[in-house]
Amino acid sequence: MRAAMRSIEAAGLRIIAAAPIITSAPLGPSRRHYANGAVLVESTLAPDALLDILQGLERAFGRRRRGARWQARVLDLDIVLWSGGAWSTPHLIIPHPAFRSRRFVVGPAARIAPRWRDRVTGLTLRHLATRLDRPRPAP
């Protein structure tokens, strides 16, 4: 993760803040646990151009986008939120469609930008994290 952050900066992107790295269980059939984090990046690039850079960094770290979905990967860099609000192309949707239900995304993001407001729900990242962390009654 730290090497990925250095590579992000070497690509000309400015990291404003970085969340502590956490571990999480896999979503799919992978058996390994993952290191997760979040960074707040400043850039004048449009999201699709930023995605091109991030996918190039993933390839440099050995990621190959072939085979089964949800397979183990060395590095997965996503654009979850963007200061411009919503963005949608065939290859990129912002906000990330599933981010609100993923503790490993919302938790780290809320650590570095707790007041960032999801323009779809109107909730802050802090609110979204609290919703994911609150105890639920047993069925």
# chains A, B, ... in the order shown; residues from 1 in each chain; ligands from 1
>>> residues_around(residues="range 128-137 of chain A", least_positions_apart="6", cutoff="8 Å", atoms="only C-alpha atoms", output="PyMOL selection string")
chain A and resi 100-103+106-107+110
>>> residues_around(residues="Asn36 in chain A", least_positions_apart="5", cutoff="6 Å", atoms="only C-alpha atoms", output="compact mmCIF listing (two decimals) with all heavy atoms, in the first residue's frame")
# COMPACT_ATOMS: atom_id res chain seq x y z
N ILE A 21 -4.03 1.95 7.22
CA ILE A 21 -4.28 0.72 6.48
C ILE A 21 -4.98 -0.27 7.41
O ILE A 21 -4.58 -0.46 8.55
CB ILE A 21 -2.96 0.14 5.92
CG1 ILE A 21 -2.35 1.15 4.93
CG2 ILE A 21 -3.19 -1.21 5.26
CD1 ILE A 21 -0.93 0.85 4.53
N ILE A 22 -6.04 -0.90 6.90
CA ILE A 22 -6.78 -1.91 7.65
C ILE A 22 -6.77 -3.22 6.86
O ILE A 22 -6.41 -3.24 5.69
CB ILE A 22 -8.25 -1.46 7.90
CG1 ILE A 22 -9.01 -1.31 6.56
CG2 ILE A 22 -8.29 -0.17 8.71
CD1 ILE A 22 -10.51 -1.18 6.72
N THR A 23 -7.16 -4.30 7.50
CA THR A 23 -7.31 -5.57 6.80
C THR A 23 -8.79 -5.93 6.73
O THR A 23 -9.57 -5.54 7.59
CB THR A 23 -6.54 -6.72 7.49
OG1 THR A 23 -7.05 -6.89 8.80
CG2 THR A 23 -5.06 -6.43 7.53
>>> closest_residue(among="A:Pro114, A:Gly37, A:Pro47, A:Gly62", to="Gly85 in chain A", atoms="only C-alpha atoms")
A:Pro47
>>> closest_residue(among="A:Ala25, A:Asp118, A:His127, A:Tyr34", to="Gly84 in chain A", atoms="only C-alpha atoms")
A:Asp118
>>> residues_around(residues="range 12-14 of chain A", least_positions_apart="2", cutoff="12 Å", atoms="only C-alpha atoms", output="ChimeraX atom specification")
/A:4-10,16-18,39-45,49-51,53-54
>>> write_last_selection(atoms="N, CA, C and O atoms", output="compact mmCIF listing (two decimals), in the first residue's frame")
# COMPACT_ATOMS: atom_id res chain seq x y z
N ALA A 4 2.31 1.71 -3.37
CA ALA A 4 1.29 2.21 -4.29
C ALA A 4 1.10 3.72 -4.10
O ALA A 4 0.98 4.46 -5.08
N MET A 5 1.11 4.18 -2.86
CA MET A 5 0.96 5.62 -2.61
C MET A 5 2.15 6.39 -3.18
O MET A 5 1.97 7.46 -3.77
N ARG A 6 3.33 5.84 -3.03
CA ARG A 6 4.51 6.50 -3.63
C ARG A 6 4.38 6.55 -5.15
O ARG A 6 4.72 7.55 -5.78
N SER A 7 3.84 5.48 -5.74
CA SER A 7 3.66 5.45 -7.19
C SER A 7 2.60 6.44 -7.65
O SER A 7 2.72 7.05 -8.72
N ILE A 8 1.57 6.61 -6.86
CA ILE A 8 0.53 7.60 -7.18
C ILE A 8 1.15 8.99 -7.23
O ILE A 8 0.91 9.76 -8.16
N GLU A 9 1.98 9.31 -6.25
CA GLU A 9 2.63 10.62 -6.24
C GLU A 9 3.64 10.75 -7.37
O GLU A 9 3.75 11.80 -7.98
N ALA A 10 4.36 9.67 -7.68
CA ALA A 10 5.33 9.70 -8.77
C ALA A 10 4.64 9.91 -10.12
O ALA A 10 5.25 10.42 -11.06
N ILE A 16 -3.40 14.30 -0.58
CA ILE A 16 -3.72 15.28 0.46
C ILE A 16 -3.78 14.60 1.83
O ILE A 16 -3.35 15.15 2.83
N ALA A 17 -4.36 13.40 1.87
CA ALA A 17 -4.50 12.66 3.12
C ALA A 17 -4.54 11.17 2.82
O ALA A 17 -4.96 10.76 1.74
N ALA A 18 -4.07 10.38 3.79
CA ALA A 18 -4.09 8.93 3.66
C ALA A 18 -4.63 8.33 4.95
O ALA A 18 -4.22 8.71 6.05
N VAL A 39 -7.08 7.18 0.03
CA VAL A 39 -6.31 8.40 -0.10
C VAL A 39 -7.19 9.47 -0.73
O VAL A 39 -8.06 9.17 -1.54
N LEU A 40 -6.95 10.68 -0.32
CA LEU A 40 -7.60 11.83 -0.91
C LEU A 40 -6.57 12.44 -1.86
O LEU A 40 -5.48 12.81 -1.43
N VAL A 41 -6.90 12.47 -3.15
CA VAL A 41 -5.96 12.89 -4.17
C VAL A 41 -6.44 14.19 -4.80
O VAL A 41 -7.63 14.35 -5.10
N GLU A 42 -5.49 15.10 -5.03
CA GLU A 42 -5.80 16.33 -5.74
C GLU A 42 -5.25 16.21 -7.16
O GLU A 42 -4.10 15.84 -7.35
N SER A 43 -6.12 16.50 -8.13
CA SER A 43 -5.72 16.40 -9.52
C SER A 43 -6.63 17.27 -10.37
O SER A 43 -7.80 17.46 -10.03
N THR A 44 -6.10 17.76 -11.48
CA THR A 44 -6.93 18.51 -12.43
C THR A 44 -7.48 17.59 -13.52
O THR A 44 -8.22 18.04 -14.38
N LEU A 45 -7.15 16.30 -13.44
CA LEU A 45 -7.58 15.35 -14.45
C LEU A 45 -9.06 15.01 -14.32
O LEU A 45 -9.60 14.97 -13.21
N ALA A 49 -9.41 10.04 -17.19
CA ALA A 49 -7.96 10.16 -17.34
C ALA A 49 -7.25 9.69 -16.08
O ALA A 49 -6.21 9.03 -16.15
N LEU A 50 -7.83 10.00 -14.93
CA LEU A 50 -7.27 9.53 -13.67
C LEU A 50 -7.34 8.01 -13.59
O LEU A 50 -6.39 7.35 -13.17
N LEU A 51 -8.46 7.43 -14.04
CA LEU A 51 -8.59 5.98 -14.05
C LEU A 51 -7.52 5.33 -14.92
O LEU A 51 -6.95 4.30 -14.55
N ILE A 53 -4.51 6.36 -15.42
CA ILE A 53 -3.26 6.37 -14.64
C ILE A 53 -3.29 5.28 -13.58
O ILE A 53 -2.33 4.52 -13.41
N LEU A 54 -4.40 5.19 -12.85
CA LEU A 54 -4.50 4.20 -11.77
C LEU A 54 -4.41 2.78 -12.30
O LEU A 54 -3.74 1.92 -11.72
>>> atom_distance(atom1="CA of Val120 in chain A", atom2="CA of Asp78 in chain A")
18.2 Å
>>> closest_residue(among="A:Ala19, A:Ala60, A:Met1, A:Ala86", to="Ile112 in chain A", atoms="only C-alpha atoms")
A:Ala19
>>> closest_residue(among="A:Ala113, A:Leu77, A:Leu123, A:Leu92", to="Leu57 in chain A", atoms="only C-alpha atoms")
A:Leu77
>>> select_by_dssp(residues="chain A", states="strand (DSSP E)", output="PDB file with N, CA and C atoms, in the first residue's frame")
ATOM      1  N   ARG A  14      -1.245  14.465  -6.367  1.00  0.00           N
ATOM      2  CA  ARG A  14      -0.906  14.925  -5.017  1.00  0.00           C
ATOM      3  C   ARG A  14      -1.833  14.262  -4.005  1.00  0.00           C
ATOM      4  N   ILE A  15      -1.246  13.526  -3.059  1.00  0.00           N
ATOM      5  CA  ILE A  15      -2.029  12.916  -1.992  1.00  0.00           C
ATOM      6  C   ILE A  15      -2.170  13.938  -0.871  1.00  0.00           C
ATOM      7  N   ILE A  16      -3.405  14.301  -0.580  1.00  0.00           N
ATOM      8  CA  ILE A  16      -3.722  15.283   0.460  1.00  0.00           C
ATOM      9  C   ILE A  16      -3.777  14.601   1.825  1.00  0.00           C
ATOM     10  N   ALA A  17      -4.355  13.399   1.871  1.00  0.00           N
ATOM     11  CA  ALA A  17      -4.500  12.660   3.125  1.00  0.00           C
ATOM     12  C   ALA A  17      -4.535  11.169   2.821  1.00  0.00           C
ATOM     13  N   ALA A  18      -4.067  10.383   3.789  1.00  0.00           N
ATOM     14  CA  ALA A  18      -4.091   8.926   3.664  1.00  0.00           C
ATOM     15  C   ALA A  18      -4.631   8.326   4.950  1.00  0.00           C
ATOM     16  N   ILE A  22      -6.043  -0.900   6.895  1.00  0.00           N
ATOM     17  CA  ILE A  22      -6.785  -1.909   7.646  1.00  0.00           C
ATOM     18  C   ILE A  22      -6.769  -3.217   6.861  1.00  0.00           C
ATOM     19  N   THR A  23      -7.162  -4.299   7.500  1.00  0.00           N
ATOM     20  CA  THR A  23      -7.312  -5.574   6.796  1.00  0.00           C
ATOM     21  C   THR A  23      -8.790  -5.933   6.733  1.00  0.00           C
ATOM     22  N   SER A  24      -9.142  -6.675   5.696  1.00  0.00           N
ATOM     23  CA  SER A  24     -10.526  -7.117   5.556  1.00  0.00           C
ATOM     24  C   SER A  24     -10.571  -8.478   4.881  1.00  0.00           C
ATOM     25  N   TYR A  34      -7.180  -8.887   2.758  1.00  0.00           N
ATOM     26  CA  TYR A  34      -6.646  -7.768   1.989  1.00  0.00           C
ATOM     27  C   TYR A  34      -6.299  -6.596   2.885  1.00  0.00           C
ATOM     28  N   ALA A  35      -5.329  -5.825   2.433  1.00  0.00           N
ATOM     29  CA  ALA A  35      -5.010  -4.543   3.057  1.00  0.00           C
ATOM     30  C   ALA A  35      -5.820  -3.494   2.305  1.00  0.00           C
ATOM     31  N   ASN A  36      -6.480  -2.637   3.047  1.00  0.00           N
ATOM     32  CA  ASN A  36      -7.315  -1.601   2.443  1.00  0.00           C
ATOM     33  C   ASN A  36      -6.988  -0.257   3.042  1.00  0.00           C
ATOM     34  N   VAL A  39      -7.076   7.178   0.028  1.00  0.00           N
ATOM     35  CA  VAL A  39      -6.306   8.404  -0.096  1.00  0.00           C
ATOM     36  C   VAL A  39      -7.188   9.466  -0.729  1.00  0.00           C
ATOM     37  N   LEU A  40      -6.947  10.680  -0.318  1.00  0.00           N
ATOM     38  CA  LEU A  40      -7.599  11.833  -0.913  1.00  0.00           C
ATOM     39  C   LEU A  40      -6.568  12.437  -1.858  1.00  0.00           C
ATOM     40  N   VAL A  41      -6.901  12.466  -3.145  1.00  0.00           N
ATOM     41  CA  VAL A  41      -5.960  12.889  -4.175  1.00  0.00           C
ATOM     42  C   VAL A  41      -6.441  14.192  -4.804  1.00  0.00           C
ATOM     43  N   GLU A  42      -5.494  15.095  -5.026  1.00  0.00           N
ATOM     44  CA  GLU A  42      -5.797  16.333  -5.741  1.00  0.00           C
ATOM     45  C   GLU A  42      -5.254  16.207  -7.156  1.00  0.00           C
ATOM     46  N   TRP A  87     -20.328  10.819 -12.047  1.00  0.00           N
ATOM     47  CA  TRP A  87     -19.644  10.622 -13.318  1.00  0.00           C
ATOM     48  C   TRP A  87     -20.038   9.243 -13.809  1.00  0.00           C
ATOM     49  N   SER A  88     -20.365   9.116 -15.066  1.00  0.00           N
ATOM     50  CA  SER A  88     -20.767   7.810 -15.567  1.00  0.00           C
ATOM     51  C   SER A  88     -20.328   7.625 -17.016  1.00  0.00           C
ATOM     52  N   THR A  89     -19.539   6.584 -17.229  1.00  0.00           N
ATOM     53  CA  THR A  89     -19.153   6.127 -18.557  1.00  0.00           C
ATOM     54  C   THR A  89     -19.273   4.603 -18.520  1.00  0.00           C
ATOM     55  N   LEU A  92     -16.542   3.533 -15.937  1.00  0.00           N
ATOM     56  CA  LEU A  92     -16.366   4.170 -14.634  1.00  0.00           C
ATOM     57  C   LEU A  92     -17.664   4.830 -14.179  1.00  0.00           C
ATOM     58  N   ILE A  93     -18.081   4.489 -12.976  1.00  0.00           N
ATOM     59  CA  ILE A  93     -19.253   5.109 -12.365  1.00  0.00           C
ATOM     60  C   ILE A  93     -18.829   5.670 -11.012  1.00  0.00           C
ATOM     61  N   ILE A  94     -19.071   6.963 -10.831  1.00  0.00           N
ATOM     62  CA  ILE A  94     -18.778   7.628  -9.569  1.00  0.00           C
ATOM     63  C   ILE A  94     -20.059   8.313  -9.107  1.00  0.00           C
TER      64      ILE A  94
END
